[in-house]
>>> print(open('entry12.pdb').read())   # PDB, C-alpha atoms, pLDDT in the B column
ATOM      1  CA  MET A   1     -21.443   3.145   7.004  1.00 95.00           C
ATOM      2  CA  LYS A   2     -17.692   3.654   6.897  1.00 92.00           C
ATOM      3  CA  ILE A   3     -14.624   1.727   5.791  1.00 93.00           C
ATOM      4  CA  ALA A   4     -13.002   0.029   8.777  1.00 96.00           C
ATOM      5  CA  LEU A   5     -10.651  -2.434   7.085  1.00 97.00           C
ATOM      6  CA  THR A   6      -9.370  -3.243   3.635  1.00 97.00           C
ATOM      7  CA  SER A   7      -6.957  -5.939   2.495  1.00 96.00           C
ATOM      8  CA  LEU A   8      -3.804  -5.972   0.445  1.00 97.00           C
ATOM      9  CA  PHE A   9      -2.389  -9.326  -0.639  1.00 97.00           C
ATOM     10  CA  VAL A  10       1.313  -9.684   0.173  1.00 98.00           C
ATOM     11  CA  ASP A  11       3.863 -12.388  -0.638  1.00 96.00           C
ATOM     12  CA  ASP A  12       5.403 -12.419   2.849  1.00 97.00           C
ATOM     13  CA  GLN A  13       3.645 -10.857   5.822  1.00 98.00           C
ATOM     14  CA  ARG A  14       6.799 -10.106   7.836  1.00 97.00           C
ATOM     15  CA  GLU A  15       8.579  -8.493   4.871  1.00 98.00           C
ATOM     16  CA  ALA A  16       5.426  -6.521   4.111  1.00 98.00           C
ATOM     17  CA  LEU A  17       5.190  -5.362   7.722  1.00 98.00           C
ATOM     18  CA  ALA A  18       8.798  -4.143   7.584  1.00 98.00           C
ATOM     19  CA  PHE A  19       8.198  -2.276   4.311  1.00 98.00           C
ATOM     20  CA  TYR A  20       4.873  -0.748   5.343  1.00 98.00           C
ATOM     21  CA  THR A  21       6.171   0.385   8.751  1.00 98.00           C
ATOM     22  CA  ASP A  22       9.902   1.079   8.287  1.00 98.00           C
ATOM     23  CA  VAL A  23       9.702   2.553   4.783  1.00 98.00           C
ATOM     24  CA  LEU A  24       6.185   3.899   4.312  1.00 98.00           C
ATOM     25  CA  GLY A  25       5.697   4.931   7.938  1.00 97.00           C
ATOM     26  CA  PHE A  26       2.520   3.053   8.841  1.00 98.00           C
ATOM     27  CA  VAL A  27       2.114   1.717  12.388  1.00 98.00           C
ATOM     28  CA  LYS A  28       1.377  -1.910  13.284  1.00 98.00           C
ATOM     29  CA  ARG A  29      -2.103  -2.152  14.801  1.00 98.00           C
ATOM     30  CA  GLN A  30      -2.861  -5.867  15.132  1.00 98.00           C
ATOM     31  CA  ASP A  31      -0.676  -8.964  14.935  1.00 98.00           C
ATOM     32  CA  ILE A  32      -2.687 -12.044  15.871  1.00 98.00           C
ATOM     33  CA  PRO A  33      -1.138 -15.448  15.060  1.00 97.00           C
ATOM     34  CA  LEU A  34      -3.390 -17.693  12.955  1.00 95.00           C
ATOM     35  CA  GLY A  35      -1.359 -20.814  12.278  1.00 94.00           C
ATOM     36  CA  ILE A  36       1.402 -20.081   9.758  1.00 95.00           C
ATOM     37  CA  HIS A  37      -0.041 -16.626   9.037  1.00 97.00           C
ATOM     38  CA  SER A  38      -1.298 -13.744  11.139  1.00 97.00           C
ATOM     39  CA  TRP A  39      -4.127 -11.249  11.227  1.00 98.00           C
ATOM     40  CA  LEU A  40      -1.687  -8.422  10.589  1.00 98.00           C
ATOM     41  CA  THR A  41      -2.862  -4.848  10.156  1.00 98.00           C
ATOM     42  CA  VAL A  42      -1.278  -1.415   9.906  1.00 98.00           C
ATOM     43  CA  VAL A  43      -2.758   2.059  10.243  1.00 98.00           C
ATOM     44  CA  SER A  44      -1.722   5.569   9.384  1.00 97.00           C
ATOM     45  CA  PRO A  45       0.008   7.354  12.265  1.00 97.00           C
ATOM     46  CA  GLU A  46      -2.139  10.344  11.260  1.00 95.00           C
ATOM     47  CA  SER A  47      -5.283   8.315  11.982  1.00 95.00           C
ATOM     48  CA  PRO A  48      -4.411   5.562  14.483  1.00 95.00           C
ATOM     49  CA  ASP A  49      -8.085   4.761  15.089  1.00 94.00           C
ATOM     50  CA  GLY A  50      -8.919   4.982  11.388  1.00 95.00           C
ATOM     51  CA  PRO A  51      -9.179   2.302   8.719  1.00 97.00           C
ATOM     52  CA  GLU A  52      -6.815  -0.647   9.005  1.00 98.00           C
ATOM     53  CA  LEU A  53      -4.876  -2.164   6.124  1.00 98.00           C
ATOM     54  CA  LEU A  54      -4.786  -5.958   6.411  1.00 98.00           C
ATOM     55  CA  LEU A  55      -1.528  -7.413   5.073  1.00 98.00           C
ATOM     56  CA  GLU A  56      -3.164 -10.576   3.833  1.00 97.00           C
ATOM     57  CA  PRO A  57      -1.257 -13.679   2.672  1.00 97.00           C
ATOM     58  CA  SER A  58      -1.343 -14.132  -1.097  1.00 96.00           C
ATOM     59  CA  SER A  59      -1.651 -17.914  -0.926  1.00 94.00           C
ATOM     60  CA  HIS A  60      -5.088 -18.206  -2.572  1.00 95.00           C
ATOM     61  CA  PRO A  61      -4.591 -19.493  -6.160  1.00 96.00           C
ATOM     62  CA  ALA A  62      -6.611 -16.619  -7.667  1.00 97.00           C
ATOM     63  CA  VAL A  63      -4.302 -13.954  -6.226  1.00 97.00           C
ATOM     64  CA  LYS A  64      -1.184 -14.503  -8.375  1.00 95.00           C
ATOM     65  CA  PRO A  65      -2.854 -14.229 -11.806  1.00 97.00           C
ATOM     66  CA  TYR A  66      -4.904 -11.250 -10.620  1.00 97.00           C
ATOM     67  CA  ARG A  67      -1.924  -9.324  -9.257  1.00 96.00           C
ATOM     68  CA  ASP A  68       0.319 -10.316 -12.176  1.00 96.00           C
ATOM     69  CA  ALA A  69      -2.267  -8.910 -14.606  1.00 97.00           C
ATOM     70  CA  LEU A  70      -2.534  -5.649 -12.665  1.00 97.00           C
ATOM     71  CA  VAL A  71       1.253  -5.219 -12.478  1.00 96.00           C
ATOM     72  CA  HIS A  72       1.624  -6.082 -16.171  1.00 97.00           C
ATOM     73  CA  ASP A  73      -0.890  -3.376 -17.055  1.00 97.00           C
ATOM     74  CA  GLY A  74       0.621  -0.875 -14.579  1.00 97.00           C
ATOM     75  CA  ILE A  75      -2.536  -0.712 -12.457  1.00 97.00           C
ATOM     76  CA  PRO A  76      -2.083   0.036  -8.758  1.00 98.00           C
ATOM     77  CA  LEU A  77      -3.873  -2.216  -6.295  1.00 96.00           C
ATOM     78  CA  ALA A  78      -4.251   0.511  -3.671  1.00 97.00           C
ATOM     79  CA  GLN A  79      -4.013   4.285  -3.375  1.00 97.00           C
ATOM     80  CA  PHE A  80      -2.650   6.274  -0.457  1.00 97.00           C
ATOM     81  CA  ALA A  81      -3.258   9.992  -0.022  1.00 96.00           C
ATOM     82  CA  VAL A  82      -0.280  12.213   0.778  1.00 97.00           C
ATOM     83  CA  ALA A  83       0.051  15.961   1.269  1.00 96.00           C
ATOM     84  CA  ASP A  84       2.927  16.325  -1.228  1.00 97.00           C
ATOM     85  CA  VAL A  85       3.593  13.647  -3.856  1.00 98.00           C
ATOM     86  CA  GLU A  86       6.859  15.273  -4.995  1.00 98.00           C
ATOM     87  CA  ALA A  87       8.267  15.271  -1.450  1.00 98.00           C
ATOM     88  CA  GLU A  88       7.103  11.716  -0.764  1.00 98.00           C
ATOM     89  CA  HIS A  89       8.555  10.558  -4.090  1.00 98.00           C
ATOM     90  CA  ALA A  90      11.925  12.095  -3.152  1.00 98.00           C
ATOM     91  CA  ARG A  91      11.831  10.582   0.354  1.00 98.00           C
ATOM     92  CA  LEU A  92      10.900   7.098  -0.834  1.00 98.00           C
ATOM     93  CA  THR A  93      13.321   7.145  -3.759  1.00 98.00           C
ATOM     94  CA  GLY A  94      16.051   8.006  -1.253  1.00 98.00           C
ATOM     95  CA  LEU A  95      15.078   4.865   0.668  1.00 97.00           C
ATOM     96  CA  GLY A  96      15.414   2.717  -2.459  1.00 97.00           C
ATOM     97  CA  VAL A  97      11.734   2.465  -3.414  1.00 98.00           C
ATOM     98  CA  VAL A  98      11.288   1.876  -7.146  1.00 98.00           C
ATOM     99  CA  PHE A  99       8.688   4.013  -8.892  1.00 98.00           C
ATOM    100  CA  THR A 100       7.045   2.795 -12.086  1.00 98.00           C
ATOM    101  CA  GLN A 101       5.397   6.209 -12.593  1.00 98.00           C
ATOM    102  CA  PRO A 102       7.102   9.359 -11.321  1.00 98.00           C
ATOM    103  CA  PRO A 103       4.920  12.214 -10.088  1.00 98.00           C
ATOM    104  CA  LEU A 104       2.408  13.173 -12.743  1.00 98.00           C
ATOM    105  CA  ASP A 105      -0.136  15.992 -12.695  1.00 97.00           C
ATOM    106  CA  ILE A 106      -3.426  14.535 -13.919  1.00 96.00           C
ATOM    107  CA  GLY A 107      -5.512  17.649 -13.377  1.00 94.00           C
ATOM    108  CA  ALA A 108      -7.517  16.860 -10.250  1.00 95.00           C
ATOM    109  CA  ALA A 109      -4.503  15.343  -8.489  1.00 97.00           C
ATOM    110  CA  VAL A 110      -0.793  14.607  -8.654  1.00 98.00           C
ATOM    111  CA  VAL A 111      -0.069  10.872  -8.638  1.00 98.00           C
ATOM    112  CA  ALA A 112       2.921   8.529  -8.601  1.00 98.00           C
ATOM    113  CA  ILE A 113       3.101   4.726  -8.612  1.00 98.00           C
ATOM    114  CA  PHE A 114       5.651   2.510  -6.851  1.00 98.00           C
ATOM    115  CA  ASP A 115       6.401  -1.184  -6.348  1.00 98.00           C
ATOM    116  CA  ASP A 116       5.743  -2.169  -2.733  1.00 97.00           C
ATOM    117  CA  THR A 117       8.223  -5.108  -2.938  1.00 96.00           C
ATOM    118  CA  CYS A 118       5.379  -7.385  -1.810  1.00 96.00           C
ATOM    119  CA  GLY A 119       3.782  -8.046  -5.215  1.00 95.00           C
ATOM    120  CA  ASN A 120       1.747  -4.860  -5.686  1.00 97.00           C
ATOM    121  CA  LEU A 121       1.838  -1.494  -7.336  1.00 98.00           C
ATOM    122  CA  ILE A 122       0.694   1.305  -5.038  1.00 98.00           C
ATOM    123  CA  GLN A 123      -0.393   4.782  -6.112  1.00 98.00           C
ATOM    124  CA  LEU A 124       0.329   7.890  -4.103  1.00 98.00           C
ATOM    125  CA  MET A 125      -2.221  10.624  -4.635  1.00 98.00           C
ATOM    126  CA  GLU A 126      -2.156  14.306  -3.750  1.00 98.00           C
ATOM    127  CA  PRO A 127      -5.655  15.625  -4.400  1.00 95.00           C
ATOM    128  CA  LYS A 128      -5.829  19.222  -5.569  1.00 93.00           C
ATOM    129  CA  PRO A 129      -8.215  21.599  -3.836  1.00 87.00           C
ATOM    130  CA  ASP A 130     -11.549  22.114  -5.573  1.00 78.00           C
ATOM    131  CA  GLU A 131     -11.532  25.241  -7.649  1.00 60.00           C
TER     132      GLU A 131
END
>>> encode(input="entry12.pdb", output="C-alpha cells")
Amino acid sequence: MKIALTSLFVDDQREALAFYTDVLGFVKRQDIPLGIHSWLTVVSPESPDGPELLLEPSSHPAVKPYRDALVHDGIPLAQFAVADVEAEHARLTGLGVVFTQPPLDIGAAVVAIFDDTCGNLIQLMEPKPDE
C-alpha cells in the first residue's frame, strides 16, 4: 500500500493553483472540471509520478471551523519535505510568503511554518540524517 493522493482544503482553487505552482513550485497534474469546481491536483516536480495533492474546495460546512481551530492553535494542516529549510524560508520570504514560525531546530528535523494564503498553515520539514 502507498499514498497516491491526499487533499488540502482551499478557499479558491484557482488562487491555490497559482500559489502552489508559481510560488511553491509544484506542477499541475490534473484539472478536470466538475461543475463550479474542478478535480485539481499538483505534484512535486521532483516526483511527477508520485503522490498528488488535491486542491479541494473548502465549501463543506465542517471545513471552516476545523481549519480555523488549527490556524488559531498554530497547527499546520500539511507538511512538505525540503532539502534546506533555511534556504526555502529565504526564497519564500523573498516572494512575500508569511511565516508564522521561522526555521526552528527541533532535534530530529528543522521546521518552519507558513500561511499558504488559501486558509491553511503548512510546515516545511528538513529531516536530519539518522545518527
>>> closest_residue(input="entry12.pdb", among="A:Pro45, A:Gly50, A:Pro102, A:Gly119", to="His72 (chain A)", atoms="all atoms listed in the file")
A:Gly119
>>> atom_distance(input="entry12.pdb", atom1="CA of Ser59 (chain A)", atom2="CA of Val97 (chain A)")
24.5 Å
>>> closest_residue(input="entry12.pdb", among="A:Glu86, A:Glu126, A:Asp68, A:Asp116", to="Pro103 (chain A)", atoms="only C-alpha atoms")
A:Glu86
>>> resolve_selection(input="entry12.pdb", expression="the PyMOL selection byres ((chain A and resi 88) around 12)", output="PyMOL selection string")
chain A and resi 23-25+80-87+89-95+97+99+102-103+110-114+123-126
>>> closest_residue(input="entry12.pdb", among="A:Leu17, A:Val10, A:Leu54, A:Ile122", to="Gly74 (chain A)", atoms="all atoms listed in the file")
A:Ile122
>>> atom_distance(input="entry12.pdb", atom1="CA of Ile3 (chain A)", atom2="CA of Gln79 (chain A)")
14.3 Å
>>> atom_distance(input="entry12.pdb", atom1="CA of Pro76 (chain A)", atom2="CA of Arg14 (chain A)")
21.4 Å
>>> axis_aligned_box(input="entry12.pdb", around="region 103-114 of chain A", padding_each_side="8 Å", output="JSON")
{"center_x": -0.9, "center_y": 10.1, "center_z": -10.4, "size_x": 29.2, "size_y": 31.1, "size_z": 23.1}
>>> closest_residue(input="entry12.pdb", among="A:Val27, A:Ile32, A:Ala18, A:Leu77", to="Ser44 (chain A)", atoms="all atoms listed in the file")
A:Val27
>>> resolve_selection(input="entry12.pdb", expression="the PyMOL selection byres ((chain A and resi 36) around 12)", output="JSON, numbers by chain")
{"A": [12, 13, 14, 32, 33, 34, 35, 37, 38, 39, 57, 59]}
>>> residues_around(input="entry12.pdb", residues="Glu52 (chain A)", least_positions_apart="6", cutoff="8 Å", atoms="only C-alpha atoms", output="short mmCIF file (atom, residue, chain, number, x, y, z; two decimals) with C-alpha atoms, in the coordinates of the input")
data_model
loop_
_atom_site.label_atom_id
_atom_site.label_comp_id
_atom_site.auth_asym_id
_atom_site.auth_seq_id
_atom_site.Cartn_x
_atom_site.Cartn_y
_atom_site.Cartn_z
CA ALA A 4 -13.00 0.03 8.78
CA LEU A 5 -10.65 -2.43 7.08
CA THR A 6 -9.37 -3.24 3.64
CA ARG A 29 -2.10 -2.15 14.80
CA THR A 41 -2.86 -4.85 10.16
CA VAL A 42 -1.28 -1.42 9.91
CA VAL A 43 -2.76 2.06 10.24
#
>>> resolve_selection(input="entry12.pdb", expression="the PyMOL selection byres ((chain A and resi 109) around 6)", output="short mmCIF file (atom, residue, chain, number, x, y, z; two decimals) with C-alpha atoms, in the frame of the given file")
data_model
loop_
_atom_site.label_atom_id
_atom_site.label_comp_id
_atom_site.auth_asym_id
_atom_site.auth_seq_id
_atom_site.Cartn_x
_atom_site.Cartn_y
_atom_site.Cartn_z
CA ILE A 106 -3.43 14.54 -13.92
CA GLY A 107 -5.51 17.65 -13.38
CA ALA A 108 -7.52 16.86 -10.25
CA VAL A 110 -0.79 14.61 -8.65
CA GLU A 126 -2.16 14.31 -3.75
CA PRO A 127 -5.66 15.62 -4.40
CA LYS A 128 -5.83 19.22 -5.57
#
>>> build_atoms(input="entry12.pdb", residues="region 100-111 of chain A", atoms="all heavy atoms", output="short mmCIF file (atom, residue, chain, number, x, y, z; two decimals), in the frame of the given file")
data_model
loop_
_atom_site.label_atom_id
_atom_site.label_comp_id
_atom_site.auth_asym_id
_atom_site.auth_seq_id
_atom_site.Cartn_x
_atom_site.Cartn_y
_atom_site.Cartn_z
N THR A 100 7.35 3.14 -10.69
CA THR A 100 7.04 2.80 -12.09
C THR A 100 6.43 3.98 -12.81
O THR A 100 6.39 4.00 -14.03
CB THR A 100 6.08 1.59 -12.17
OG1 THR A 100 4.86 1.92 -11.51
CG2 THR A 100 6.71 0.36 -11.52
N GLN A 101 5.95 4.96 -12.04
CA GLN A 101 5.40 6.21 -12.59
C GLN A 101 5.83 7.34 -11.67
O GLN A 101 5.40 7.40 -10.53
CB GLN A 101 3.87 6.15 -12.65
CG GLN A 101 3.18 7.46 -12.96
CD GLN A 101 3.51 7.98 -14.34
OE1 GLN A 101 3.22 7.31 -15.32
NE2 GLN A 101 4.14 9.13 -14.43
N PRO A 102 6.71 8.22 -12.16
CA PRO A 102 7.10 9.36 -11.32
C PRO A 102 5.91 10.30 -11.15
O PRO A 102 4.88 10.14 -11.82
CB PRO A 102 8.24 10.01 -12.11
CG PRO A 102 8.03 9.57 -13.52
CD PRO A 102 7.36 8.23 -13.45
N PRO A 103 6.04 11.29 -10.29
CA PRO A 103 4.92 12.21 -10.09
C PRO A 103 4.39 12.77 -11.41
O PRO A 103 5.17 13.17 -12.28
CB PRO A 103 5.53 13.32 -9.23
CG PRO A 103 6.58 12.61 -8.44
CD PRO A 103 7.16 11.61 -9.41
N LEU A 104 3.08 12.75 -11.52
CA LEU A 104 2.41 13.17 -12.74
C LEU A 104 1.17 13.97 -12.37
O LEU A 104 0.33 13.49 -11.60
CB LEU A 104 2.01 11.95 -13.57
CG LEU A 104 1.23 12.19 -14.85
CD1 LEU A 104 2.08 12.92 -15.88
CD2 LEU A 104 0.73 10.87 -15.42
N ASP A 105 1.04 15.16 -12.93
CA ASP A 105 -0.14 15.99 -12.70
C ASP A 105 -1.23 15.52 -13.65
O ASP A 105 -1.06 15.58 -14.87
CB ASP A 105 0.21 17.46 -12.96
CG ASP A 105 -0.91 18.41 -12.58
OD1 ASP A 105 -2.09 18.04 -12.74
OD2 ASP A 105 -0.59 19.53 -12.13
N ILE A 106 -2.33 15.03 -13.08
CA ILE A 106 -3.43 14.54 -13.92
C ILE A 106 -4.65 15.45 -13.87
O ILE A 106 -5.76 15.06 -14.20
CB ILE A 106 -3.82 13.09 -13.55
CG1 ILE A 106 -4.27 13.00 -12.09
CG2 ILE A 106 -2.68 12.13 -13.82
CD1 ILE A 106 -4.94 11.69 -11.72
N GLY A 107 -4.42 16.68 -13.43
CA GLY A 107 -5.51 17.65 -13.38
C GLY A 107 -6.09 17.78 -11.99
O GLY A 107 -5.83 18.74 -11.28
N ALA A 108 -6.88 16.80 -11.57
CA ALA A 108 -7.52 16.86 -10.25
C ALA A 108 -6.58 16.43 -9.13
O ALA A 108 -6.89 16.61 -7.95
CB ALA A 108 -8.76 15.98 -10.24
N ALA A 109 -5.44 15.85 -9.49
CA ALA A 109 -4.50 15.34 -8.49
C ALA A 109 -3.12 15.19 -9.11
O ALA A 109 -2.96 15.21 -10.33
CB ALA A 109 -4.97 14.00 -7.95
N VAL A 110 -2.13 15.02 -8.24
CA VAL A 110 -0.79 14.61 -8.65
C VAL A 110 -0.64 13.18 -8.14
O VAL A 110 -0.96 12.89 -6.98
CB VAL A 110 0.31 15.52 -8.07
CG1 VAL A 110 1.68 15.03 -8.48
CG2 VAL A 110 0.08 16.96 -8.51
N VAL A 111 -0.18 12.28 -9.01
CA VAL A 111 -0.07 10.87 -8.64
C VAL A 111 1.33 10.35 -8.96
O VAL A 111 2.05 10.92 -9.78
CB VAL A 111 -1.13 10.01 -9.37
CG1 VAL A 111 -2.54 10.45 -9.00
CG2 VAL A 111 -0.94 10.05 -10.87
#
